[in-house]
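Below: one structure, written as structure tokens.
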Amino acid sequence: MWPDLEAAVGELHRVVRPGGTVLIAWHGGTKPSRVVKSMSLPEDELGRIEQALRNQFSEVGRHQLTSLDVFKAVRSR
């Protein structure tokens, strides 16, 4: 998704205020259409995103909607 995931997440952390939230959504989800499925990231890549967020943010959640994989990360206060 990003050439340097860790640097990108570090930059997200830098620009978000303490207590602020970052939301990342990507094609996927529980029932993706054929087109959405073709743009989905493999599980190992989704896991890398989640881990990179956990390395920088105090609260991280991962949710699957019908056609989206969503990450929510909160910066500690």
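Here, A, B, ... name the chains of the structure tokens in the order displayed, residue numbers run from 1 inside each chain, and ligands are numbered from 1 in the same displayed order.
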Handout entry: Residue set, chain A restricted to strand (DSSP E or B), as a ChimeraX atom specification
Key = /A:21-27,59-64,68-74
Exercise for the section: With a distance cut-off of 10 Å and only C-alpha atoms, select the neighbouring residues of stretch 19-33 of chain A, excluding the residue or stretch itself and same-chain residues fewer than 4 positions from it, and output the selection as a ChimeraX atom specification. Expected result: /A:1,9,12-13,15,37-42,46,49,53,57-77
Practice task
Using atom CA of A:Ala7 and atom CA of A:Glu45 as the two end points, give the distance in Å to one decimal.
Solution key: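 That distance, rounded to one decimal, is 15.6 Å.
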Handout entry: Point-to-point distance from atom CA of A:Leu5 to atom CA of A:Pro18, Å rounded to tenths
Key = 21.0 Å
Practice task
Mind the document's chain letters and residue numbers, and return as a PyMOL selection string the residues of stretch 6-76 of chain A that DSSP labels helix (DSSP H, G or I).
Solution key: chain A and resi 6-15+34-39+43-56
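What separates atom CA of A:Val35 from atom CA of A:Gln51 is a distance of 26.8 Å.
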